[in-house]
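Containing TSV, C-alpha atoms: protein_12.tsv.
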```tsv
chain	number	residue	atom	x	y	z
A	1	MET	CA	14.91	6.38	54.61
A	2	LEU	CA	18.18	8.32	54.24
A	3	ILE	CA	19.38	7.32	57.70
A	4	THR	CA	18.88	3.66	56.73
A	5	LEU	CA	20.80	4.24	53.52
A	6	PHE	CA	23.58	5.93	55.50
A	7	TYR	CA	24.05	2.90	57.76
A	8	PHE	CA	23.84	0.65	54.72
A	9	PHE	CA	26.58	2.75	53.15
A	10	ILE	CA	28.77	2.27	56.23
A	11	ALA	CA	28.20	-1.51	56.12
A	12	VAL	CA	29.14	-1.62	52.43
A	13	VAL	CA	32.36	0.29	53.11
A	14	PHE	CA	33.25	-2.17	55.89
A	15	ILE	CA	32.78	-5.03	53.41
A	16	GLN	CA	35.04	-3.22	50.93
A	17	LEU	CA	37.71	-2.67	53.57
A	18	PHE	CA	37.52	-6.34	54.56
A	19	TYR	CA	38.21	-7.38	50.97
A	20	TYR	CA	40.98	-4.91	50.31
A	21	LEU	CA	42.78	-5.12	53.65
A	22	GLY	CA	41.84	-8.58	54.88
A	23	ILE	CA	42.10	-10.47	51.59
A	24	PHE	CA	43.76	-8.44	48.83
A	25	GLY	CA	46.35	-7.06	51.23
A	26	LYS	CA	47.83	-10.56	51.49
A	27	PHE	CA	49.10	-10.13	47.94
A	28	ALA	CA	49.58	-6.35	47.87
A	29	PHE	CA	51.96	-6.36	50.85
A	30	ALA	CA	53.63	-9.72	50.21
A	31	LYS	CA	57.41	-9.84	50.05
A	32	PRO	CA	59.16	-9.99	46.64
A	33	GLN	CA	59.41	-13.52	45.31
A	34	GLU	CA	62.76	-15.21	44.74
A	35	ILE	CA	63.56	-17.63	41.92
A	36	THR	CA	65.37	-20.89	42.57
A	37	GLN	CA	65.78	-23.16	39.57
A	38	LYS	CA	64.27	-26.59	40.18
A	39	SER	CA	65.22	-28.25	36.86
A	40	ILE	CA	62.11	-30.41	36.90
A	41	PRO	CA	60.92	-31.85	33.55
A	42	VAL	CA	58.37	-29.51	31.92
A	43	SER	CA	56.02	-29.69	28.94
A	44	VAL	CA	54.96	-26.25	27.72
A	45	ILE	CA	51.52	-26.64	26.14
A	46	VAL	CA	50.06	-24.26	23.55
A	47	CYS	CA	46.70	-24.83	21.87
A	48	ALA	CA	46.05	-22.82	18.71
A	49	LYS	CA	43.16	-22.45	16.32
A	50	ASN	CA	43.67	-20.11	13.38
A	51	GLU	CA	46.59	-18.29	15.03
A	52	GLU	CA	49.00	-18.29	12.09
A	53	GLU	CA	50.48	-14.82	12.66
A	54	ASN	CA	50.77	-15.10	16.43
A	55	VAL	CA	52.50	-18.47	16.47
A	56	LYS	CA	55.06	-17.27	13.95
A	57	LYS	CA	56.15	-14.62	16.43
A	58	PHE	CA	55.77	-16.36	19.76
A	59	VAL	CA	56.68	-20.06	19.36
A	60	PRO	CA	60.43	-19.31	19.05
A	61	LEU	CA	60.25	-17.42	22.36
A	62	LEU	CA	58.98	-20.63	23.96
A	63	ALA	CA	61.28	-23.07	22.20
A	64	GLU	CA	64.39	-21.02	23.09
A	65	GLN	CA	63.82	-20.74	26.83
A	66	ASN	CA	66.80	-21.03	29.18
A	67	TYR	CA	65.79	-24.26	30.83
A	68	PRO	CA	67.55	-27.65	30.91
A	69	ASP	CA	64.68	-30.11	30.51
A	70	PHE	CA	61.57	-29.07	28.60
A	71	GLU	CA	59.53	-29.67	25.48
A	72	VAL	CA	56.94	-27.53	23.71
A	73	VAL	CA	53.71	-29.30	22.80
A	74	LEU	CA	51.99	-27.44	19.97
A	75	ILE	CA	48.34	-28.38	19.47
A	76	ASP	CA	46.68	-27.45	16.20
A	77	ASP	CA	42.95	-27.56	16.80
A	78	ALA	CA	41.75	-28.17	13.23
A	79	SER	CA	42.83	-24.72	12.01
A	80	SER	CA	41.56	-23.52	8.65
A	81	ASP	CA	44.49	-21.14	8.08
A	82	GLU	CA	48.23	-21.93	7.89
A	83	THR	CA	48.71	-22.60	11.61
A	84	LEU	CA	49.41	-26.31	11.10
A	85	GLU	CA	51.96	-25.61	8.37
A	86	VAL	CA	53.75	-23.11	10.60
A	87	PHE	CA	53.82	-25.66	13.43
A	88	GLU	CA	55.27	-28.30	11.11
A	89	GLU	CA	58.09	-25.96	10.12
A	90	PHE	CA	58.86	-25.27	13.78
A	91	GLU	CA	58.84	-29.00	14.50
A	92	LYS	CA	61.59	-29.44	11.91
A	93	GLN	CA	63.55	-26.48	13.27
A	94	TYR	CA	63.42	-27.25	17.01
A	95	PRO	CA	64.11	-30.74	18.39
A	96	ASN	CA	62.18	-29.96	21.59
A	97	ILE	CA	58.89	-29.31	19.81
A	98	ARG	CA	56.16	-31.95	19.72
A	99	LEU	CA	53.17	-31.49	17.40
A	100	VAL	CA	49.64	-32.70	18.09
A	101	LYS	CA	47.15	-32.52	15.23
A	102	VAL	CA	43.48	-32.43	16.20
A	103	GLU	CA	40.85	-33.41	13.67
A	104	ASN	CA	37.29	-32.13	13.89
A	105	ASN	CA	35.26	-34.42	16.14
A	106	GLU	CA	31.48	-34.24	15.90
A	107	ALA	CA	31.02	-34.85	19.62
A	108	PHE	CA	33.58	-32.20	20.61
A	109	TRP	CA	33.52	-29.80	17.67
A	110	GLY	CA	34.98	-26.43	18.58
A	111	ASN	CA	35.79	-27.57	22.14
A	112	LYS	CA	39.22	-26.40	23.26
A	113	LYS	CA	39.13	-28.79	26.22
A	114	TYR	CA	39.10	-31.77	23.88
A	115	ALA	CA	42.17	-30.46	22.04
A	116	LEU	CA	43.98	-29.68	25.30
A	117	THR	CA	43.23	-33.17	26.62
A	118	LEU	CA	44.93	-34.72	23.59
A	119	GLY	CA	47.92	-32.43	24.09
A	120	ILE	CA	48.19	-33.24	27.80
A	121	LYS	CA	48.11	-36.95	27.08
A	122	ALA	CA	50.82	-36.52	24.44
A	123	ALA	CA	53.09	-34.56	26.81
A	124	LYS	CA	56.13	-36.55	27.93
A	125	LYS	CA	57.04	-34.51	31.02
A	126	ASP	CA	55.53	-34.70	34.50
A	127	TYR	CA	54.92	-30.96	34.88
A	128	LEU	CA	52.74	-28.93	32.51
A	129	LEU	CA	53.03	-25.20	31.82
A	130	PHE	CA	50.25	-23.56	29.81
A	131	THR	CA	50.02	-20.40	27.79
A	132	ASP	CA	47.86	-19.25	24.87
A	133	ALA	CA	48.88	-18.95	21.24
A	134	ASP	CA	48.60	-15.15	21.38
A	135	CYS	CA	50.81	-14.87	24.49
A	136	TYR	CA	54.52	-14.52	24.99
A	137	PRO	CA	56.78	-14.71	28.08
A	138	THR	CA	58.61	-11.64	29.37
A	139	SER	CA	61.98	-13.37	29.37
A	140	LYS	CA	63.86	-16.54	28.54
A	141	ASP	CA	63.64	-17.47	32.22
A	142	TRP	CA	59.86	-17.77	32.23
A	143	ILE	CA	59.87	-21.54	32.70
A	144	THR	CA	62.43	-21.20	35.49
A	145	ALA	CA	60.37	-18.55	37.27
A	146	MET	CA	57.11	-20.46	37.07
A	147	THR	CA	58.51	-23.87	38.02
A	148	SER	CA	60.55	-22.42	40.88
A	149	GLN	CA	57.32	-22.25	42.89
A	150	PHE	CA	56.66	-25.99	42.62
A	151	SER	CA	57.42	-28.11	45.67
A	152	THR	CA	56.55	-31.55	46.95
A	153	GLU	CA	53.24	-30.20	48.26
A	154	LYS	CA	52.57	-27.36	45.81
A	155	THR	CA	51.68	-28.93	42.48
A	156	ILE	CA	49.58	-26.10	41.02
A	157	VAL	CA	51.10	-22.69	40.24
A	158	LEU	CA	48.95	-19.70	39.28
A	159	GLY	CA	50.74	-17.06	37.18
A	160	TYR	CA	50.03	-13.60	35.86
A	161	GLY	CA	49.01	-13.04	32.24
A	162	GLY	CA	48.97	-9.34	31.44
A	163	TYR	CA	48.19	-7.29	28.35
A	164	GLU	CA	50.45	-4.97	26.39
A	165	LYS	CA	50.19	-1.27	27.07
A	166	ARG	CA	48.72	0.99	24.38
A	167	GLU	CA	49.37	4.72	24.57
A	168	ARG	CA	46.43	7.13	24.44
A	169	SER	CA	43.87	4.33	24.76
A	170	PHE	CA	41.31	4.53	27.55
A	171	LEU	CA	40.00	1.07	26.62
A	172	ASN	CA	43.49	-0.34	27.15
A	173	LYS	CA	43.57	1.15	30.64
A	174	ILE	CA	40.24	-0.51	31.47
A	175	ILE	CA	41.45	-3.86	30.09
A	176	ARG	CA	44.66	-3.74	32.06
A	177	PHE	CA	42.97	-2.56	35.24
A	178	GLU	CA	40.44	-5.40	35.01
A	179	THR	CA	43.31	-7.85	34.46
A	180	VAL	CA	45.19	-6.51	37.49
A	181	LEU	CA	42.08	-6.60	39.70
A	182	THR	CA	41.30	-10.17	38.63
A	183	ALA	CA	44.89	-11.24	39.34
A	184	VAL	CA	44.81	-9.55	42.75
A	185	GLN	CA	41.66	-11.50	43.56
A	186	TYR	CA	42.81	-14.97	42.55
A	187	PHE	CA	46.33	-14.44	43.94
A	188	SER	CA	44.99	-13.17	47.26
A	189	TRP	CA	42.42	-15.90	47.73
A	190	ALA	CA	45.09	-18.49	46.88
A	191	LYS	CA	47.35	-16.98	49.56
A	192	SER	CA	44.37	-17.16	51.92
A	193	GLY	CA	44.11	-20.89	51.25
A	194	LEU	CA	41.01	-20.63	49.07
A	195	PRO	CA	42.16	-20.72	45.42
A	196	TYR	CA	39.29	-20.47	42.98
A	197	MET	CA	40.66	-19.74	39.49
A	198	GLY	CA	43.69	-19.20	37.27
A	199	VAL	CA	44.25	-18.00	33.73
A	200	GLY	CA	45.26	-20.22	30.84
A	201	ARG	CA	47.63	-17.51	29.63
A	202	ASN	CA	49.97	-18.51	32.45
A	203	LEU	CA	49.24	-21.60	34.49
A	204	ALA	CA	51.20	-24.67	35.60
A	205	TYR	CA	50.39	-27.94	37.29
A	206	LYS	CA	51.67	-31.45	37.69
A	207	LYS	CA	50.10	-33.84	35.22
A	208	GLU	CA	48.72	-36.04	37.98
A	209	GLU	CA	46.47	-33.16	39.09
A	210	PHE	CA	44.75	-33.35	35.71
A	211	PHE	CA	44.03	-37.05	36.02
A	212	ASN	CA	43.08	-36.80	39.72
A	213	VAL	CA	39.91	-34.94	38.70
A	214	ASN	CA	39.42	-36.83	35.42
A	215	GLY	CA	40.54	-33.82	33.42
A	216	PHE	CA	37.77	-31.59	32.11
A	217	ILE	CA	35.09	-34.29	32.11
A	218	ASP	CA	32.90	-32.68	34.81
A	219	HIS	CA	32.56	-29.47	32.79
A	220	ILE	CA	33.29	-30.67	29.26
A	221	GLN	CA	29.86	-29.39	28.19
A	222	VAL	CA	30.95	-25.84	29.08
A	223	ARG	CA	32.92	-24.50	26.13
A	224	SER	CA	35.05	-22.13	28.22
A	225	GLY	CA	36.77	-22.78	31.55
A	226	ASP	CA	39.71	-24.99	30.64
A	227	ASP	CA	41.65	-22.81	33.09
A	228	ASP	CA	39.35	-21.35	35.76
A	229	LEU	CA	36.87	-24.23	36.02
A	230	PHE	CA	39.70	-26.75	36.21
A	231	ILE	CA	41.42	-24.76	38.97
A	232	ASN	CA	38.11	-24.27	40.76
A	233	GLN	CA	37.77	-28.04	40.92
A	234	ALA	CA	41.37	-29.19	41.41
A	235	ALA	CA	43.00	-26.47	43.53
A	236	ASN	CA	43.03	-26.33	47.31
A	237	LYS	CA	45.03	-24.84	50.16
A	238	ALA	CA	47.52	-27.70	50.25
A	239	ASN	CA	48.41	-28.02	46.55
A	240	THR	CA	48.27	-24.46	45.20
A	241	THR	CA	50.67	-21.52	45.18
A	242	ILE	CA	51.29	-18.39	43.08
A	243	ALA	CA	54.12	-16.97	40.97
A	244	TYR	CA	54.46	-13.18	40.77
A	245	ASN	CA	58.13	-12.52	40.08
A	246	PRO	CA	58.27	-10.33	36.92
A	247	GLU	CA	60.25	-13.04	35.14
A	248	SER	CA	57.19	-15.29	35.40
A	249	PHE	CA	54.78	-12.97	33.55
A	250	THR	CA	53.31	-13.46	30.11
A	251	TYR	CA	51.72	-10.81	27.92
A	252	SER	CA	49.08	-10.78	25.20
A	253	ASN	CA	47.93	-8.35	22.57
A	254	PRO	CA	44.87	-6.56	24.01
A	255	LYS	CA	41.63	-6.10	22.14
A	256	GLU	CA	41.58	-2.90	20.12
A	257	SER	CA	37.82	-2.32	20.09
A	258	PHE	CA	35.33	-2.21	22.94
A	259	ARG	CA	33.06	-4.63	21.12
A	260	ASP	CA	35.76	-7.32	20.85
A	261	TRP	CA	36.76	-6.93	24.49
A	262	PHE	CA	33.13	-6.94	25.60
A	263	THR	CA	32.58	-10.23	23.75
A	264	GLN	CA	35.70	-11.71	25.34
A	265	LYS	CA	34.62	-10.71	28.85
A	266	ARG	CA	31.15	-12.15	28.28
A	267	ARG	CA	32.77	-15.56	27.74
A	268	HIS	CA	34.95	-15.23	30.82
A	269	ILE	CA	32.17	-14.11	33.15
A	270	SER	CA	29.73	-16.75	31.94
A	271	THR	CA	31.87	-19.55	33.42
A	272	ALA	CA	31.56	-18.15	36.96
A	273	GLU	CA	28.10	-19.69	37.36
A	274	TYR	CA	29.81	-23.10	37.49
A	275	TYR	CA	32.13	-22.17	40.37
A	276	LYS	CA	31.74	-23.60	43.86
A	277	PHE	CA	29.10	-21.88	45.98
A	278	PHE	CA	31.53	-19.99	48.23
A	279	ASP	CA	33.49	-18.68	45.24
A	280	LYS	CA	30.33	-17.42	43.57
A	281	PHE	CA	29.26	-15.87	46.85
A	282	GLN	CA	32.50	-14.00	47.54
A	283	LEU	CA	32.76	-12.74	43.95
A	284	GLY	CA	29.13	-11.65	43.97
A	285	LEU	CA	29.48	-9.93	47.34
A	286	PHE	CA	32.56	-8.04	46.17
A	287	PHE	CA	30.87	-6.83	43.00
A	288	CYS	CA	27.69	-5.83	44.84
A	289	SER	CA	29.72	-3.94	47.45
A	290	GLN	CA	31.37	-1.94	44.67
A	291	LEU	CA	28.08	-1.20	42.95
A	292	PHE	CA	26.16	-0.26	46.12
A	293	PHE	CA	29.04	1.85	47.34
A	294	PHE	CA	28.79	4.17	44.36
A	295	LEU	CA	25.00	4.22	44.34
A	296	SER	CA	24.89	5.06	48.05
A	297	VAL	CA	27.46	7.83	47.69
A	298	ILE	CA	25.58	9.44	44.82
A	299	ILE	CA	22.24	9.43	46.64
A	300	LEU	CA	23.59	10.59	50.01
A	301	LEU	CA	25.62	13.42	48.51
A	302	ALA	CA	22.74	14.43	46.22
A	303	PHE	CA	20.58	15.00	49.32
A	304	GLN	CA	23.56	16.34	51.32
A	305	PHE	CA	22.71	13.89	54.10
A	306	GLN	CA	25.50	13.73	56.69
A	307	TRP	CA	27.75	14.90	53.90
A	308	ILE	CA	30.78	15.54	56.11
A	309	ALA	CA	30.68	11.96	57.42
A	310	VAL	CA	30.03	10.61	53.92
A	311	VAL	CA	33.00	12.50	52.48
A	312	ALA	CA	35.23	11.32	55.35
A	313	ILE	CA	34.21	7.68	54.82
A	314	LEU	CA	34.62	8.13	51.06
A	315	ALA	CA	38.16	9.48	51.57
A	316	THR	CA	39.02	6.60	53.90
A	317	ARG	CA	37.78	4.04	51.41
A	318	TYR	CA	39.74	5.56	48.55
A	319	THR	CA	42.92	5.87	50.63
A	320	VAL	CA	42.81	2.18	51.53
A	321	VAL	CA	41.75	0.89	48.12
A	322	TRP	CA	44.16	3.12	46.21
A	323	THR	CA	47.02	1.95	48.44
A	324	VAL	CA	46.24	-1.75	47.97
A	325	ILE	CA	45.74	-1.39	44.22
A	326	GLY	CA	48.90	0.70	44.01
A	327	PHE	CA	51.12	-1.88	45.72
A	328	SER	CA	49.52	-4.69	43.71
A	329	ALA	CA	49.91	-2.88	40.39
A	330	GLY	CA	53.54	-2.22	41.27
A	331	LYS	CA	54.18	-5.93	41.83
A	332	LEU	CA	52.60	-6.69	38.47
A	333	LYS	CA	54.52	-3.89	36.66
A	334	GLU	CA	51.32	-2.02	35.82
A	335	ASN	CA	52.22	1.20	37.61
A	336	ASP	CA	50.25	3.63	35.44
A	337	ILE	CA	47.04	1.88	36.52
A	338	LYS	CA	47.44	3.57	39.91
A	339	ILE	CA	46.98	7.01	38.38
A	340	TRP	CA	43.82	6.15	36.47
A	341	PHE	CA	42.31	3.93	39.16
A	342	PRO	CA	39.26	6.01	40.27
A	343	ILE	CA	38.06	6.54	36.69
A	344	VAL	CA	38.67	3.07	35.28
A	345	GLU	CA	37.08	1.47	38.36
A	346	ILE	CA	33.78	3.19	37.60
A	347	ALA	CA	34.05	2.40	33.88
A	348	LEU	CA	34.68	-1.27	34.67
A	349	ILE	CA	31.70	-1.53	37.01
A	350	LEU	CA	29.39	-0.04	34.38
A	351	THR	CA	30.78	-2.49	31.80
A	352	GLN	CA	30.28	-5.46	34.12
A	353	ILE	CA	26.66	-4.50	34.69
A	354	ASN	CA	26.18	-4.36	30.93
A	355	ILE	CA	27.80	-7.79	30.54
A	356	PHE	CA	25.61	-9.42	33.19
A	357	ILE	CA	22.45	-8.03	31.62
A	358	THR	CA	23.53	-9.03	28.09
A	359	ASN	CA	24.42	-12.58	29.18
A	360	ILE	CA	20.93	-13.02	30.62
A	361	PHE	CA	19.34	-12.53	27.22
A	362	SER	CA	21.92	-14.14	24.90
A	363	LYS	CA	24.68	-16.71	25.08
A	364	PRO	CA	28.29	-15.64	24.43
A	365	VAL	CA	30.37	-17.11	21.60
A	366	TYR	CA	33.18	-19.44	22.62
A	367	TRP	CA	36.27	-21.13	21.09
A	368	LYS	CA	36.79	-20.24	17.45
```
Take the structure in the file and give it back as structure tokens.
Amino acid sequence: MLITLFYFFIAVVFIQLFYYLGIFGKFAFAKPQEITQKSIPVSVIVCAKNEEENVKKFVPLLAEQNYPDFEVVLIDDASSDETLEVFEEFEKQYPNIRLVKVENNEAFWGNKKYALTLGIKAAKKDYLLFTDADCYPTSKDWITAMTSQFSTEKTIVLGYGGYEKRERSFLNKIIRFETVLTAVQYFSWAKSGLPYMGVGRNLAYKKEEFFNVNGFIDHIQVRSGDDDLFINQAANKANTTIAYNPESFTYSNPKESFRDWFTQKRRHISTAEYYKFFDKFQLGLFFCSQLFFFLSVIILLAFQFQWIAVVAILATRYTVVWTVIGFSAGKLKENDIKIWFPIVEIALILTQINIFITNIFSKPVYWK
């Protein structure tokens, strides 16, 4: 029995090395990205529902970008707080702001995709750049950095949306590690010619891509997924690229409690069941390889079976994975993640198991 487990352990490590070296290495060891201003017309789109405090802080950072031809489309999705009033004041203050007011619709109540569709249709520019109401760009050259990756062929750009660092918070380290690992995955698969998702905190595409797939209609019944499900459907090797210059990053306020973050991740993970078969397969295989790696190590070392070989393989795995994560985290300006990697990796796997089990027995809550 133990000899079978030992060979299974070796196979799992080979799968891990394939992912980290064969796939994730494409991003980890990629050359730094240069920015060349394209000056293409851009509509920055922000959908907000009860985000009064956030939009007060972040809308000016969008409206005052250093870019020659852009507008900011602010979508108020039937907010019950003062979000609409704040938007109206900004509309008076900035000539490049366009306001879209969404009324409650019985057929699409609480559906962010409906609100985004109205905003996209109202946008006057050919290229769309999305972020969330609780996000802000790292610099006034954010639009320039993101749009610099557009070309005649590349009409979808996947960006990085990180979370602010919180000192002396282990939860914050888990959140940021999970965000880095997710970005490494979707960046690397995009560089491999198999893009499967993006994040609405930082995402750009030409408007025609939206209409080519009839917008969100094929998954309108799924409350989440205005970003990843759309990209899963619309993106391919020919039309998709990535932006990872630090000027292209956005940041959000992270959740402060485990319960809030757990609820958020339940929503995100629940959309994966609607991905294409291959994307579900590769994500599932990666997660299972992580889980079985740790289980195999624990059992083999507990029985001291071939422990010298097990420790050697364990050291090899960690050397490779730590290197890839380290280079990736450096590109994404999340350097402290490298130090905490072994601990937060285990914590994240345990959390993901909990999420999967919880989602089986109850449905997550979606858009506000």
Requested in this report: Find, counting all atoms listed in the file, the residue in A:Lys31, A:Lys154, A:Lys125, A:Lys265 that gets nearest to Asn245 in chain A.
Outcome: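 That would be A:Lys31, the residue with the smallest distance to Asn245 in chain A.
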Requested in this report: Within 9 Å of range 246-262 of chain A, counting all atoms listed in the file, which residues show up once you throw out same-chain ones fewer than 4 positions away? Write them as a ChimeraX atom specification, please.
Outcome: /A:35,131-132,134-146,159-166,169,171-172,175-176,201-202,266-267,331-333,351,355
**Report entry** Exercise: Asp279 in chain A partners within 10 Å, only C-alpha atoms, chain neighbours under 4 positions left out, as an MDAnalysis selection string
**Finding:** chainID A and resid 189 194:197 232 272:275 283:285
Report task. Do a neighbour search on Lys26 in chain A at 9 Å with all atoms listed in the file, toss out local chain neighbours closer than 2 positions, and write the hits as a PyMOL selection string. Result -> chain A and resi 20-24+28-30+187-189+191-192
Residues at most 8 Å from Ser296 in chain A, counting all atoms listed in the file, excluding those fewer than 5 positions away in the same chain, as a PDB file with C-alpha atoms, in the coordinates of the input?
```
ATOM      1  CA  LEU A   5      20.800   4.240  53.520  1.00  0.00           C
ATOM      2  CA  PHE A   6      23.580   5.930  55.500  1.00  0.00           C
ATOM      3  CA  PHE A   9      26.580   2.750  53.150  1.00  0.00           C
TER       4      PHE A   9
END
```
Query raised in the report: Just how far from CA of Thr358 in chain A is CA of Glu51 in chain A, in Å to one decimal?
Result: 28.1 Å
Query - Atomic distance CA of Met1 in chain A - CA of Thr316 in chain A, expressed in Å with one decimal - result: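 Separation between CA of Met1 in chain A and CA of Thr316 in chain A: 24.1 Å.
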Query raised in the report: Separation of CA of Ile75 in chain A and CA of Ala115 in chain A, in Å?
Result: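 Between CA of Ile75 in chain A and CA of Ala115 in chain A the gap works out to 7.0 Å.
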For range 174-186 of chain A, where the input has fewer atoms than it should, I would like N, CA, C and O atoms rebuilt and written as a compact mmCIF listing (two decimals), in the frame of the given file.
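In the end it all went to out_15.txt:
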```
# COMPACT_ATOMS: atom_id res chain seq x y z
N ILE A 174 41.30 0.29 30.84
CA ILE A 174 40.24 -0.51 31.47
C ILE A 174 40.60 -1.99 31.41
O ILE A 174 40.46 -2.71 32.40
N ILE A 175 41.07 -2.45 30.25
CA ILE A 175 41.45 -3.86 30.09
C ILE A 175 42.54 -4.25 31.07
O ILE A 175 42.46 -5.28 31.75
N ARG A 176 43.55 -3.41 31.18
CA ARG A 176 44.66 -3.74 32.06
C ARG A 176 44.30 -3.61 33.53
O ARG A 176 44.76 -4.39 34.36
N PHE A 177 43.43 -2.66 33.85
CA PHE A 177 42.97 -2.56 35.24
C PHE A 177 42.14 -3.79 35.61
O PHE A 177 42.31 -4.36 36.70
N GLU A 178 41.26 -4.21 34.73
CA GLU A 178 40.44 -5.40 35.01
C GLU A 178 41.33 -6.63 35.17
O GLU A 178 41.07 -7.48 36.03
N THR A 179 42.38 -6.72 34.37
CA THR A 179 43.31 -7.85 34.46
C THR A 179 44.06 -7.83 35.78
O THR A 179 44.25 -8.87 36.42
N VAL A 180 44.51 -6.65 36.20
CA VAL A 180 45.19 -6.51 37.49
C VAL A 180 44.26 -6.87 38.64
O VAL A 180 44.62 -7.63 39.54
N LEU A 181 43.03 -6.33 38.62
CA LEU A 181 42.08 -6.60 39.70
C LEU A 181 41.75 -8.09 39.78
O LEU A 181 41.67 -8.65 40.88
N THR A 182 41.57 -8.73 38.64
CA THR A 182 41.30 -10.17 38.63
C THR A 182 42.48 -10.95 39.21
O THR A 182 42.29 -11.87 40.01
N ALA A 183 43.70 -10.57 38.83
CA ALA A 183 44.89 -11.24 39.34
C ALA A 183 45.02 -11.04 40.85
O ALA A 183 45.36 -11.98 41.59
N VAL A 184 44.76 -9.82 41.32
CA VAL A 184 44.81 -9.55 42.75
C VAL A 184 43.83 -10.45 43.49
O VAL A 184 44.14 -11.00 44.56
N GLN A 185 42.66 -10.66 42.91
CA GLN A 185 41.66 -11.50 43.56
C GLN A 185 42.10 -12.95 43.62
O GLN A 185 42.08 -13.56 44.70
N TYR A 186 42.50 -13.54 42.49
CA TYR A 186 42.81 -14.97 42.55
C TYR A 186 44.15 -15.24 43.24
O TYR A 186 44.33 -16.29 43.87
```
